[in-house]
Structures are given as structure tokens and as C-alpha cells.
>>> print(open('work-v3.pdb').read())   # PDB, C-alpha atoms (C1' of nucleotides) and all ligand atoms
ATOM      1  CA  MET A   1      56.779  69.117  45.121
ATOM      2  CA  THR A   2      54.368  66.816  43.312
ATOM      3  CA  ALA A   3      53.922  63.258  44.461
ATOM      4  CA  SER A   4      54.496  60.582  41.850
ATOM      5  CA  ALA A   5      52.299  57.545  41.335
ATOM      6  CA  LEU A   6      54.805  55.319  43.119
ATOM      7  CA  ASP A   7      55.051  57.778  46.000
ATOM      8  CA  ILE A   8      51.313  57.669  46.465
ATOM      9  CA  LEU A   9      51.210  53.885  46.446
ATOM     10  CA  ALA A  10      53.995  53.751  49.009
ATOM     11  CA  GLN A  11      52.283  56.327  51.232
ATOM     12  CA  HIS A  12      49.190  54.168  51.406
ATOM     13  CA  ASN A  13      50.946  50.825  51.760
ATOM     14  CA  LEU A  14      49.684  49.581  48.430
ATOM     15  CA  ARG A  15      51.578  47.183  46.208
ATOM     16  CA  LYS A  16      53.221  48.746  43.197
ATOM     17  CA  THR A  17      51.598  47.252  40.136
ATOM     18  CA  ALA A  18      51.438  48.389  36.538
ATOM     19  CA  VAL A  19      47.705  48.989  36.529
ATOM     20  CA  ARG A  20      47.719  50.965  39.752
ATOM     21  CA  ALA A  21      50.612  53.150  38.691
ATOM     22  CA  GLN A  22      49.013  53.876  35.353
ATOM     23  CA  VAL A  23      45.644  54.709  36.918
ATOM     24  CA  LEU A  24      47.359  57.130  39.251
ATOM     25  CA  ASP A  25      49.272  58.699  36.384
ATOM     26  CA  ILE A  26      45.986  59.270  34.595
ATOM     27  CA  PHE A  27      44.561  61.013  37.658
ATOM     28  CA  LEU A  28      47.750  63.044  38.109
ATOM     29  CA  ASP A  29      47.540  64.196  34.496
ATOM     30  CA  SER A  30      43.896  65.174  34.764
ATOM     31  CA  ARG A  31      42.424  68.251  36.318
ATOM     32  CA  GLU A  32      38.905  66.847  36.255
ATOM     33  CA  ALA A  33      37.148  64.010  38.027
ATOM     34  CA  LEU A  34      37.162  60.751  36.073
ATOM     35  CA  SER A  35      34.627  57.987  35.637
ATOM     36  CA  HIS A  36      35.492  54.330  35.269
ATOM     37  CA  ASN A  37      34.953  54.743  31.552
ATOM     38  CA  ASP A  38      37.142  57.835  31.250
ATOM     39  CA  ILE A  39      39.996  55.916  32.801
ATOM     40  CA  GLU A  40      39.429  52.830  30.690
ATOM     41  CA  ALA A  41      39.661  55.033  27.607
ATOM     42  CA  HIS A  42      43.180  56.135  28.600
ATOM     43  CA  PHE A  43      44.468  52.579  28.509
ATOM     44  CA  ASN A  44      45.562  50.706  25.444
ATOM     45  CA  GLN A  45      44.306  47.594  27.081
ATOM     46  CA  VAL A  46      43.113  46.929  30.560
ATOM     47  CA  ASP A  47      40.839  44.426  32.230
ATOM     48  CA  ARG A  48      37.771  46.321  33.358
ATOM     49  CA  ILE A  49      37.256  44.078  36.392
ATOM     50  CA  THR A  50      40.746  44.909  37.585
ATOM     51  CA  LEU A  51      39.913  48.559  37.076
ATOM     52  CA  TYR A  52      36.766  48.291  39.208
ATOM     53  CA  ARG A  53      38.796  46.695  41.964
ATOM     54  CA  THR A  54      41.581  49.220  41.673
ATOM     55  CA  LEU A  55      39.177  52.130  42.037
ATOM     56  CA  LYS A  56      37.431  50.475  44.942
ATOM     57  CA  THR A  57      40.725  49.879  46.723
ATOM     58  CA  PHE A  58      41.910  53.424  46.078
ATOM     59  CA  GLU A  59      38.658  54.801  47.429
ATOM     60  CA  GLU A  60      38.803  52.662  50.555
ATOM     61  CA  LYS A  61      42.414  53.565  51.239
ATOM     62  CA  GLY A  62      41.934  57.294  50.857
ATOM     63  CA  VAL A  63      43.772  57.697  47.564
ATOM     64  CA  ILE A  64      40.745  58.956  45.649
ATOM     65  CA  HIS A  65      37.302  60.189  46.608
ATOM     66  CA  LYS A  66      33.935  60.066  44.930
ATOM     67  CA  ALA A  67      33.073  63.334  43.239
ATOM     68  CA  ILE A  68      29.312  63.574  43.675
ATOM     69  CA  ASP A  69      27.939  65.623  40.823
ATOM     70  CA  GLY A  70      24.332  64.547  40.391
ATOM     71  CA  GLY A  71      25.216  63.083  37.008
ATOM     72  CA  GLU A  72      24.450  59.629  35.794
ATOM     73  CA  LYS A  73      27.882  58.174  36.350
ATOM     74  CA  LEU A  74      30.124  58.026  39.350
ATOM     75  CA  LYS A  75      33.371  59.942  39.135
ATOM     76  CA  TYR A  76      36.502  59.962  41.214
ATOM     77  CA  ALA A  77      39.203  62.504  41.930
ATOM     78  CA  LEU A  78      42.543  62.325  43.700
ATOM     79  CA  CYS A  79      42.459  63.103  47.370
ATOM     80  CA  SER A  80      44.543  66.114  48.171
ATOM     81  CA  GLY A  81      47.158  65.244  50.713
ATOM     82  CA  HIS A  82      46.413  63.579  53.926
ATOM     83  CA  CYS A  83      43.543  61.174  53.439
ATOM     84  CA  SER A  84      43.975  57.654  54.696
ATOM     85  CA  GLU A  85      41.915  54.536  55.133
ATOM     86  CA  HIS A  86      40.462  55.860  58.340
ATOM     87  CA  ALA A  87      40.167  59.554  57.592
ATOM     88  CA  HIS A  88      38.762  60.752  54.343
ATOM     89  CA  GLU A  89      38.658  64.519  54.478
ATOM     90  CA  ASP A  90      36.989  65.840  51.388
ATOM     91  CA  HIS A  91      35.024  68.757  52.696
ATOM     92  CA  HIS A  92      34.943  70.701  49.480
ATOM     93  CA  ALA A  93      32.410  71.475  46.787
ATOM     94  CA  HIS A  94      32.362  70.070  43.273
ATOM     95  CA  PHE A  95      31.352  71.796  40.078
ATOM     96  CA  HIS A  96      29.521  69.995  37.296
ATOM     97  CA  CYS A  97      29.297  71.579  33.865
ATOM     98  CA  ASP A  98      25.921  71.114  32.182
ATOM     99  CA  GLN A  99      27.493  71.600  28.760
ATOM    100  CA  CYS A 100      30.521  69.334  28.662
ATOM    101  CA  GLY A 101      29.656  67.168  31.643
ATOM    102  CA  LYS A 102      33.032  67.640  33.260
ATOM    103  CA  THR A 103      33.308  67.677  37.022
ATOM    104  CA  VAL A 104      36.034  69.423  38.984
ATOM    105  CA  CYS A 105      36.937  69.717  42.632
ATOM    106  CA  ILE A 106      36.553  73.197  44.082
ATOM    107  CA  GLU A 107      39.081  72.732  46.840
ATOM    108  CA  SER A 108      38.750  76.343  47.900
ATOM    109  CA  MET A 109      35.059  76.091  48.667
ATOM    110  CA  HIS A 110      34.351  74.342  51.912
ATOM    111  CA  ILE A 111      30.938  72.886  52.630
ATOM    112  CA  PRO A 112      29.056  75.425  54.735
ATOM    113  CA  ALA A 113      28.021  74.279  58.191
ATOM    114  CA  VAL A 114      24.315  73.537  58.199
ATOM    115  CA  GLN A 115      21.934  72.850  61.030
ATOM    116  CA  ALA A 116      20.508  69.349  61.156
ATOM    117  CA  PRO A 117      16.720  69.082  61.026
ATOM    118  CA  ALA A 118      15.153  68.006  64.318
ATOM    119  CA  GLY A 119      15.761  64.337  65.047
ATOM    120  CA  TYR A 120      18.461  63.955  62.416
ATOM    121  CA  GLN A 121      22.117  63.431  63.143
ATOM    122  CA  LEU A 122      24.549  64.870  60.625
ATOM    123  CA  SER A 123      27.792  63.181  59.638
ATOM    124  CA  GLY A 124      28.608  65.204  56.547
ATOM    125  CA  ALA A 125      27.290  66.947  53.491
ATOM    126  CA  TYR A 126      27.827  67.292  49.774
ATOM    127  CA  LEU A 127      27.661  70.537  47.879
ATOM    128  CA  VAL A 128      27.415  70.353  44.107
ATOM    129  CA  LEU A 129      27.488  73.442  41.934
ATOM    130  CA  LYS A 130      25.944  73.238  38.499
ATOM    131  CA  GLY A 131      26.412  75.552  35.565
ATOM    132  CA  THR A 132      28.801  76.306  32.760
ATOM    133  CA  CYS A 133      32.534  75.863  33.151
ATOM    134  CA  ALA A 134      35.183  78.351  32.044
ATOM    135  CA  THR A 135      35.868  76.449  28.825
ATOM    136  CA  CYS A 136      32.221  76.176  27.801
ATOM    137  CA  THR A 137      31.297  79.797  28.492
TER     138      THR A 137
ATOM    139  CA  MET B   1      -6.212  70.424  50.373
ATOM    140  CA  THR B   2      -4.173  67.584  48.954
ATOM    141  CA  ALA B   3      -3.987  67.065  45.211
ATOM    142  CA  SER B   4      -5.017  63.650  43.969
ATOM    143  CA  ALA B   5      -3.173  61.663  41.326
ATOM    144  CA  LEU B   6      -5.722  62.621  38.685
ATOM    145  CA  ASP B   7      -5.503  66.283  39.692
ATOM    146  CA  ILE B   8      -1.763  66.227  39.198
ATOM    147  CA  LEU B   9      -2.031  64.605  35.779
ATOM    148  CA  ALA B  10      -4.605  67.197  34.731
ATOM    149  CA  GLN B  11      -2.489  70.070  36.020
ATOM    150  CA  HIS B  12       0.390  68.969  33.846
ATOM    151  CA  ASN B  13      -1.649  68.091  30.758
ATOM    152  CA  LEU B  14      -0.779  64.436  30.975
ATOM    153  CA  ARG B  15      -3.082  61.641  29.861
ATOM    154  CA  LYS B  16      -4.796  59.783  32.654
ATOM    155  CA  THR B  17      -3.560  56.216  32.492
ATOM    156  CA  ALA B  18      -3.592  53.427  35.037
ATOM    157  CA  VAL B  19       0.168  53.231  35.391
ATOM    158  CA  ARG B  20       0.607  56.977  35.813
ATOM    159  CA  ALA B  21      -2.152  57.262  38.380
ATOM    160  CA  GLN B  22      -0.769  54.373  40.375
ATOM    161  CA  VAL B  23       2.786  55.732  40.289
ATOM    162  CA  LEU B  24       1.503  59.054  41.572
ATOM    163  CA  ASP B  25      -0.469  57.338  44.319
ATOM    164  CA  ILE B  26       2.700  55.589  45.412
ATOM    165  CA  PHE B  27       4.523  58.907  45.618
ATOM    166  CA  LEU B  28       1.613  60.539  47.430
ATOM    167  CA  ASP B  29       1.631  57.731  49.991
ATOM    168  CA  SER B  30       5.372  57.961  50.558
ATOM    169  CA  ARG B  31       7.261  60.465  52.625
ATOM    170  CA  GLU B  32      10.595  59.443  51.160
ATOM    171  CA  ALA B  33      12.211  59.646  47.743
ATOM    172  CA  LEU B  34      11.729  56.525  45.638
ATOM    173  CA  SER B  35      13.940  54.683  43.190
ATOM    174  CA  HIS B  36      12.691  52.891  40.110
ATOM    175  CA  ASN B  37      12.955  49.680  42.045
ATOM    176  CA  ASP B  38      11.071  50.962  45.067
ATOM    177  CA  ILE B  39       8.179  51.876  42.826
ATOM    178  CA  GLU B  40       8.249  48.634  40.910
ATOM    179  CA  ALA B  41       8.000  46.797  44.225
ATOM    180  CA  HIS B  42       4.692  48.543  44.987
ATOM    181  CA  PHE B  43       3.056  47.128  41.892
ATOM    182  CA  ASN B  44       1.550  43.708  41.539
ATOM    183  CA  GLN B  45       2.618  43.740  37.978
ATOM    184  CA  VAL B  46       4.032  46.461  35.817
ATOM    185  CA  ASP B  47       6.190  46.656  32.732
ATOM    186  CA  ARG B  48       9.512  48.103  33.795
ATOM    187  CA  ILE B  49      10.050  49.850  30.470
ATOM    188  CA  THR B  50       6.764  51.673  30.899
ATOM    189  CA  LEU B  51       7.908  52.635  34.356
ATOM    190  CA  TYR B  52      11.167  54.070  33.032
ATOM    191  CA  ARG B  53       9.231  56.125  30.525
ATOM    192  CA  THR B  54       6.686  57.241  33.091
ATOM    193  CA  LEU B  55       9.375  58.511  35.436
ATOM    194  CA  LYS B  56      11.174  60.251  32.597
ATOM    195  CA  THR B  57       8.001  61.983  31.484
ATOM    196  CA  PHE B  58       7.118  63.018  35.032
ATOM    197  CA  GLU B  59      10.576  64.442  35.523
ATOM    198  CA  GLU B  60      10.477  66.376  32.272
ATOM    199  CA  LYS B  61       7.034  67.787  32.984
ATOM    200  CA  GLY B  62       7.854  68.961  36.484
ATOM    201  CA  VAL B  63       5.805  66.356  38.353
ATOM    202  CA  ILE B  64       8.767  64.807  40.125
ATOM    203  CA  HIS B  65      12.387  65.796  40.641
ATOM    204  CA  LYS B  66      15.559  63.861  41.089
ATOM    205  CA  ALA B  67      16.600  63.595  44.703
ATOM    206  CA  ILE B  68      20.383  63.683  44.543
ATOM    207  CA  ASP B  69      21.741  61.808  47.517
ATOM    208  CA  GLY B  70      25.177  60.565  46.543
ATOM    209  CA  GLY B  71      23.901  57.003  46.705
ATOM    210  CA  GLU B  72      24.228  54.363  44.045
ATOM    211  CA  LYS B  73      20.743  54.619  42.679
ATOM    212  CA  LEU B  74      18.706  57.523  41.391
ATOM    213  CA  LYS B  75      15.666  58.513  43.402
ATOM    214  CA  TYR B  76      12.732  60.756  42.697
ATOM    215  CA  ALA B  77      10.348  62.772  44.845
ATOM    216  CA  LEU B  78       7.174  64.666  44.099
ATOM    217  CA  CYS B  79       7.621  68.295  43.233
ATOM    218  CA  SER B  80       5.897  70.513  45.736
ATOM    219  CA  GLY B  81       3.388  72.697  43.998
ATOM    220  CA  HIS B  82       4.241  74.836  41.102
ATOM    221  CA  CYS B  83       6.826  73.075  38.983
ATOM    222  CA  SER B  84       6.152  72.776  35.284
ATOM    223  CA  GLU B  85       7.928  71.649  32.167
ATOM    224  CA  HIS B  86       9.729  74.946  31.932
ATOM    225  CA  ALA B  87      10.320  75.771  35.559
ATOM    226  CA  HIS B  88      11.594  73.175  37.956
ATOM    227  CA  GLU B  89      12.048  74.842  41.292
ATOM    228  CA  ASP B  90      13.582  72.421  43.712
ATOM    229  CA  HIS B  91      15.873  74.639  45.694
ATOM    230  CA  HIS B  92      15.894  72.529  48.809
ATOM    231  CA  ALA B  93      18.305  70.168  50.497
ATOM    232  CA  HIS B  94      17.975  66.399  50.724
ATOM    233  CA  PHE B  95      18.904  64.136  53.568
ATOM    234  CA  HIS B  96      20.330  60.672  53.034
ATOM    235  CA  CYS B  97      20.464  58.212  55.920
ATOM    236  CA  ASP B  98      23.645  56.142  56.019
ATOM    237  CA  GLN B  99      21.875  53.424  58.018
ATOM    238  CA  CYS B 100      18.629  52.721  56.192
ATOM    239  CA  GLY B 101      19.487  54.391  52.903
ATOM    240  CA  LYS B 102      16.311  56.430  52.831
ATOM    241  CA  THR B 103      16.328  59.865  51.280
ATOM    242  CA  VAL B 104      13.940  62.657  52.176
ATOM    243  CA  CYS B 105      13.359  66.182  50.931
ATOM    244  CA  ILE B 106      14.179  68.880  53.442
ATOM    245  CA  GLU B 107      11.810  71.446  51.997
ATOM    246  CA  SER B 108      12.567  73.872  54.781
ATOM    247  CA  MET B 109      16.261  74.067  54.014
ATOM    248  CA  HIS B 110      17.032  76.184  51.013
ATOM    249  CA  ILE B 111      20.314  75.864  49.196
ATOM    250  CA  PRO B 112      22.592  78.618  50.484
ATOM    251  CA  ALA B 113      23.724  81.149  47.905
ATOM    252  CA  VAL B 114      27.316  80.445  46.969
ATOM    253  CA  GLN B 115      29.780  82.461  44.971
ATOM    254  CA  ALA B 116      30.808  80.977  41.663
ATOM    255  CA  PRO B 117      34.523  80.348  41.193
ATOM    256  CA  ALA B 118      36.158  82.712  38.703
ATOM    257  CA  GLY B 119      35.196  81.900  35.142
ATOM    258  CA  TYR B 120      32.310  79.641  36.099
ATOM    259  CA  GLN B 121      28.669  80.458  35.585
ATOM    260  CA  LEU B 122      26.261  79.030  38.142
ATOM    261  CA  SER B 123      22.807  77.773  37.284
ATOM    262  CA  GLY B 124      22.044  75.930  40.485
ATOM    263  CA  ALA B 125      23.361  73.753  43.257
ATOM    264  CA  TYR B 126      22.632  70.602  45.182
ATOM    265  CA  LEU B 127      23.008  70.224  48.901
ATOM    266  CA  VAL B 128      22.974  66.730  50.325
ATOM    267  CA  LEU B 129      23.065  66.072  54.039
ATOM    268  CA  LYS B 130      24.316  62.715  55.244
ATOM    269  CA  GLY B 131      23.862  61.098  58.592
ATOM    270  CA  THR B 132      21.343  59.156  60.612
ATOM    271  CA  CYS B 133      17.629  59.735  60.288
ATOM    272  CA  ALA B 134      15.169  60.079  63.143
ATOM    273  CA  THR B 135      14.053  56.454  62.853
ATOM    274  CA  CYS B 136      17.564  55.012  62.836
ATOM    275  CA  THR B 137      18.902  57.056  65.741
TER     276      THR B 137
ATOM    277  C1'  DT C   1     -18.855  56.611  17.684
ATOM    278  C1'  DG C   2     -14.846  56.990  15.059
ATOM    279  C1'  DT C   3     -10.308  59.061  14.346
ATOM    280  C1'  DT C   4      -5.953  60.488  15.892
ATOM    281  C1'  DT C   5      -2.142  60.330  18.673
ATOM    282  C1'  DA C   6       0.086  59.024  22.801
ATOM    283  C1'  DA C   7       1.020  55.283  26.001
ATOM    284  C1'  DT C   8       1.894  50.596  26.673
ATOM    285  C1'  DG C   9       3.910  45.856  26.269
ATOM    286  C1'  DC C  10       7.343  43.103  24.447
ATOM    287  C1'  DA C  11      11.733  41.736  22.350
ATOM    288  C1'  DA C  12      16.257  42.599  21.673
ATOM    289  C1'  DC C  13      20.321  44.761  22.869
ATOM    290  C1'  DG C  14      24.011  47.474  25.382
ATOM    291  C1'  DT C  15      26.160  49.031  29.639
ATOM    292  C1'  DT C  16      27.480  48.614  34.253
ATOM    293  C1'  DG C  17      28.928  46.124  38.109
ATOM    294  C1'  DT C  18      29.673  41.704  40.966
ATOM    295  C1'  DT C  19      31.273  36.962  42.029
ATOM    296  C1'  DT C  20      34.100  32.948  41.462
ATOM    297  C1'  DC C  21      38.244  30.806  40.439
ATOM    298  C1'  DA C  22      42.642  29.928  38.186
ATOM    299  C1'  DT C  23      47.001  32.316  37.168
ATOM    300  C1'  DT C  24      50.499  35.730  37.804
ATOM    301  C1'  DT C  25      53.218  38.884  40.329
ATOM    302  C1'  DG C  26      55.020  41.885  44.206
ATOM    303  C1'  DG C  27      57.032  41.808  48.739
ATOM    304  C1'  DC C  28      59.739  39.643  51.902
ATOM    305  C1'  DA C  29      62.536  36.472  54.359
ATOM    306  C1'  DA C  30      65.627  32.652  54.128
TER     307       DA C  30
ATOM    308  C1'  DT D   1      69.373  35.747  44.787
ATOM    309  C1'  DT D   2      65.932  32.521  45.277
ATOM    310  C1'  DG D   3      61.726  30.760  46.713
ATOM    311  C1'  DC D   4      57.449  31.294  49.230
ATOM    312  C1'  DC D   5      53.085  33.402  50.237
ATOM    313  C1'  DA D   6      49.614  36.588  49.953
ATOM    314  C1'  DA D   7      47.709  39.832  47.042
ATOM    315  C1'  DA D   8      46.562  41.406  42.427
ATOM    316  C1'  DT D   9      45.166  40.209  37.961
ATOM    317  C1'  DG D  10      42.538  38.080  34.043
ATOM    318  C1'  DA D  11      38.716  35.500  32.382
ATOM    319  C1'  DA D  12      34.100  33.736  32.475
ATOM    320  C1'  DA D  13      29.654  33.817  34.002
ATOM    321  C1'  DC D  14      26.022  36.228  35.791
ATOM    322  C1'  DA D  15      22.798  39.941  37.483
ATOM    323  C1'  DA D  16      20.938  44.599  37.452
ATOM    324  C1'  DC D  17      20.033  48.567  35.064
ATOM    325  C1'  DG D  18      18.670  51.140  31.158
ATOM    326  C1'  DT D  19      17.566  52.146  26.042
ATOM    327  C1'  DT D  20      15.581  51.480  21.334
ATOM    328  C1'  DG D  21      12.322  49.807  17.803
ATOM    329  C1'  DC D  22       7.972  48.181  16.737
ATOM    330  C1'  DA D  23       3.343  46.362  17.081
ATOM    331  C1'  DT D  24      -0.816  46.891  19.930
ATOM    332  C1'  DT D  25      -3.915  49.320  22.998
ATOM    333  C1'  DA D  26      -6.221  53.069  24.968
ATOM    334  C1'  DA D  27      -7.062  58.195  26.000
ATOM    335  C1'  DA D  28      -8.689  62.445  24.133
ATOM    336  C1'  DC D  29     -11.474  64.957  21.309
ATOM    337  C1'  DA D  30     -14.387  66.141  17.509
TER     338       DA D  30
HETATM  339 MN    MN E 201      36.840  66.552  45.149
HETATM  340 MN    MN E 202      13.295  67.079  46.975
HETATM  341 ZN    ZN E 203      32.081  72.643  30.446
HETATM  342 ZN    ZN E 204      17.505  55.900  58.496
END
>>> encode(input="work-v3.pdb", output="C-alpha cells", more="lines below")
Ligand SMILES: [Mn+2]
Ligand SMILES: [Mn+2]
Ligand SMILES: [Zn+2]
Ligand SMILES: [Zn+2]
Amino acid sequence: MTASALDILAQHNLRKTAVRAQVLDIFLDSREALSHNDIEAHFNQVDRITLYRTLKTFEEKGVIHKAIDGGEKLKYALCSGHCSEHAHEDHHAHFHCDQCGKTVCIESMHIPAVQAPAGYQLSGAYLVLKGTCATCT
Amino acid sequence: MTASALDILAQHNLRKTAVRAQVLDIFLDSREALSHNDIEAHFNQVDRITLYRTLKTFEEKGVIHKAIDGGEKLKYALCSGHCSEHAHEDHHAHFHCDQCGKTVCIESMHIPAVQAPAGYQLSGAYLVLKGTCATCT
DNA sequence: TGTTTAATGCAACGTTGTTTCATTTGGCAA
DNA sequence: TTGCCAAATGAAACAACGTTGCATTAAACA
């Protein structure tokens, strides 16, 4: 059972608008994390300010999460399942291909538990794998 | 024995210029990773384009490394010891404070060895710890 | 000291992201 | 179904960040 764009909007109490539905469709069609620019390129025509706000809202509401990859531009990916405004649970690694620049979620790899240095209080961690993806090998 | 700015430039076969020496002094005086803006703020007057080029050169030559922290702006930190143009060895974690935004190298924490997902070829990894630093606790 | 080559300073330009405000539209209740 | 209200959108203006090309200056070395 795959959730549709409208399902996702309903689940997060977000108004159903054309831009939002189309952005979600783009994420649903993609297996890689997407930057603002990637998404803009999928539209015939879209206001980029609206797109910034859409992504910000989605991120705040737990629809998408930032895919940290050490690259120059910020990318987002769909949250898998049960994230909400108050509980983002994205404890998985991301892989960034040095060749093609694509970034993917590695849902199966959880962030290993690490010990905080003395005096520091940990709230989370990012793990980014770099290398060559299956397509670029 | 602490290397001076001029020592570092000599070690990497870089010309000794005022801007470069001063940028290195700023890094040597700082225990945290610095963004372009942080560095610019330490100068009375500096051309920001020169600063961009200085940081780029330092990064390429193994003088500084990018401190990935998941934050909005790129930061750099001095490489410890034996990095060169052809061998950047920065296999340590970084800590990013959610409160003050400061990022520090955790030299003592090496990146754990992880298994590459099927079809992927690993060349490295980043580990970023988030939380509250000793000062902000 | 003079020559060569790299570094700098400056201008111009492009990209990215934010803020403000008027207009449009989705959700909801009468 | 209609109309109202709050939220989303579109447009303009602006700020921050970053790059490129070119003329000038300065470091290195003979
Ligand atoms: Mn992810
Ligand atoms: Mn570091
Ligand atoms: Zn690839
Ligand atoms: Zn702090």
C-alpha cells in the first residue's frame, strides 16, 4: 500500500493545494533526495518562493527530512511513515555519490550509538557515506 | 611544538602573503571551526573574494578541511598534521551545538567502519554529532 | 636587481534565500 | 450551495553568498 500525495497531506493536516500535491508526487516518483532546484526543474512553471515555503512547511510538519550529505546544496527526502510535527525520526544514514552527486536514504543503516565527549550532551547524529553509487560504478 | 602560520605555508609550498598568514593565525587562535563570515569578521579589512580563494586553496592543499555539521553554512578547521594536496586524512567526527551553533573537531572519535550497501563503493564517511556543547549546558 | 608567475583587488554577474504585501483559494459553517 | 475566513500563493524588493574576468601588485628565485 503506497500513500498518495493527497493521503500524505491529509495525514499531516495540510491543505490540499496544487503545488503541494505536485511536490509530493515528485518526491514519490523519485528514489533520491531532491534539492530545491531539482524540484523546480520538474515543474512547468512554479513560483520559487512558494516552493521554498512548501519545503519549509513539509519539513516542519514531518513530511520530508533534510538529507545531510556534505554537498553544497541542501536536499530533502520523504519521511518514511510515522514522522509528525513533534517527532521526526530519521535515524538512518545517507549515501552521497561523488560521481553523479545523487544522495539516497539508506533506511536499513541506523546511526550507530556513539559516546558523547566529556561535557557534551548528545541529541542526535548524522552519518553520511561517500563513494560511488551502483549506477556510477 | 606548535607550528606557526609561516611554518604551515612553507610546509605546503604556499607563498607567504599577508592574507594567508592572517587567516592561518585566526585558525590557530580558534578552537572551533570557522565559516567564511567568521573569518571575515576577524579582519579589519579584507577583500572577500581573496578570502574565498584563500580558503579554496587551503582546502585543496590540505591545510584546512571542511567541517560538515549539517548547518546552513560551510565551516573549515585546520588539518591536524600530515594532510597534503594528495592525502586529506580527516577521519574524525565533528560536534555541532544546537544552542550556539559552534562546531568543533572531535579528533579523538574516529569514524566507525561501516559496511557499504550492496552495489555501492565507499570512499569515506562523515559523522556529525548534534547536541549541546560544554559551554551551553 | 630584474623577471616571472602567483596572489590580490575590483567590477560585474548569477544564485540562493528572506520579507512584505496584495491576491487567490481551500476548508468550513451557515 | 454559498459566503466567510484563514491560509497559501504570486510578485517585488532586497540581502547574502559565491563565481568569473581582468588589471595591478607582490612573492619567489635566478
Ligand atoms: Mn533520509
Ligand atoms: Mn575536523
Ligand atoms: Zn552516482
Ligand atoms: Zn554551544
>>> resolve_selection(input="work-v3.pdb", expression="the PyMOL selection byres ((chain C) within 10 of (chain B))", output="number ranges by chain")
C: 6-10
>>> resolve_selection(input="work-v3.pdb", expression="the PyMOL selection byres (((chain D and resi 6-12) around 8) and not hetatm)", output="PyMOL selection string")
(chain A and resi 47+50) or (chain C and resi 23-25) or (chain D and resi 5+13)
>>> resolve_selection(input="work-v3.pdb", expression="the PyMOL selection byres (((not hetatm)) within 10 of (chain E and resi 202))", output="MDAnalysis selection string")
chainID B and resid 32:33 64:69 75:80 89:95 103:107
>>> write_last_selection(input="work-v3.pdb", atoms="C-alpha atoms", output="short mmCIF file (atom, residue, chain, number, x, y, z; two decimals), in the frame of the given file")
data_model
loop_
_atom_site.label_atom_id
_atom_site.label_comp_id
_atom_site.auth_asym_id
_atom_site.auth_seq_id
_atom_site.Cartn_x
_atom_site.Cartn_y
_atom_site.Cartn_z
CA GLU B 32 10.60 59.44 51.16
CA ALA B 33 12.21 59.65 47.74
CA ILE B 64 8.77 64.81 40.12
CA HIS B 65 12.39 65.80 40.64
CA LYS B 66 15.56 63.86 41.09
CA ALA B 67 16.60 63.60 44.70
CA ILE B 68 20.38 63.68 44.54
CA ASP B 69 21.74 61.81 47.52
CA LYS B 75 15.67 58.51 43.40
CA TYR B 76 12.73 60.76 42.70
CA ALA B 77 10.35 62.77 44.84
CA LEU B 78 7.17 64.67 44.10
CA CYS B 79 7.62 68.30 43.23
CA SER B 80 5.90 70.51 45.74
CA GLU B 89 12.05 74.84 41.29
CA ASP B 90 13.58 72.42 43.71
CA HIS B 91 15.87 74.64 45.69
CA HIS B 92 15.89 72.53 48.81
CA ALA B 93 18.30 70.17 50.50
CA HIS B 94 17.98 66.40 50.72
CA PHE B 95 18.90 64.14 53.57
CA THR B 103 16.33 59.86 51.28
CA VAL B 104 13.94 62.66 52.18
CA CYS B 105 13.36 66.18 50.93
CA ILE B 106 14.18 68.88 53.44
CA GLU B 107 11.81 71.45 52.00
#
>>> residues_near_ligand(input="work-v3.pdb", ligand="ligand ZN 204 (chain E)", cutoff="10 Å", atoms="only C-alpha atoms (C1' of nucleotides) and all ligand atoms", output="number ranges by chain")
A: 120-121; B: 95-104, 131-137
>>> closest_residue(input="work-v3.pdb", among="B:Val128, B:Leu122, B:Ile111, B:Leu28", to="ligand ZN 203 (chain E)", atoms="all atoms listed in the file")
B:Leu122
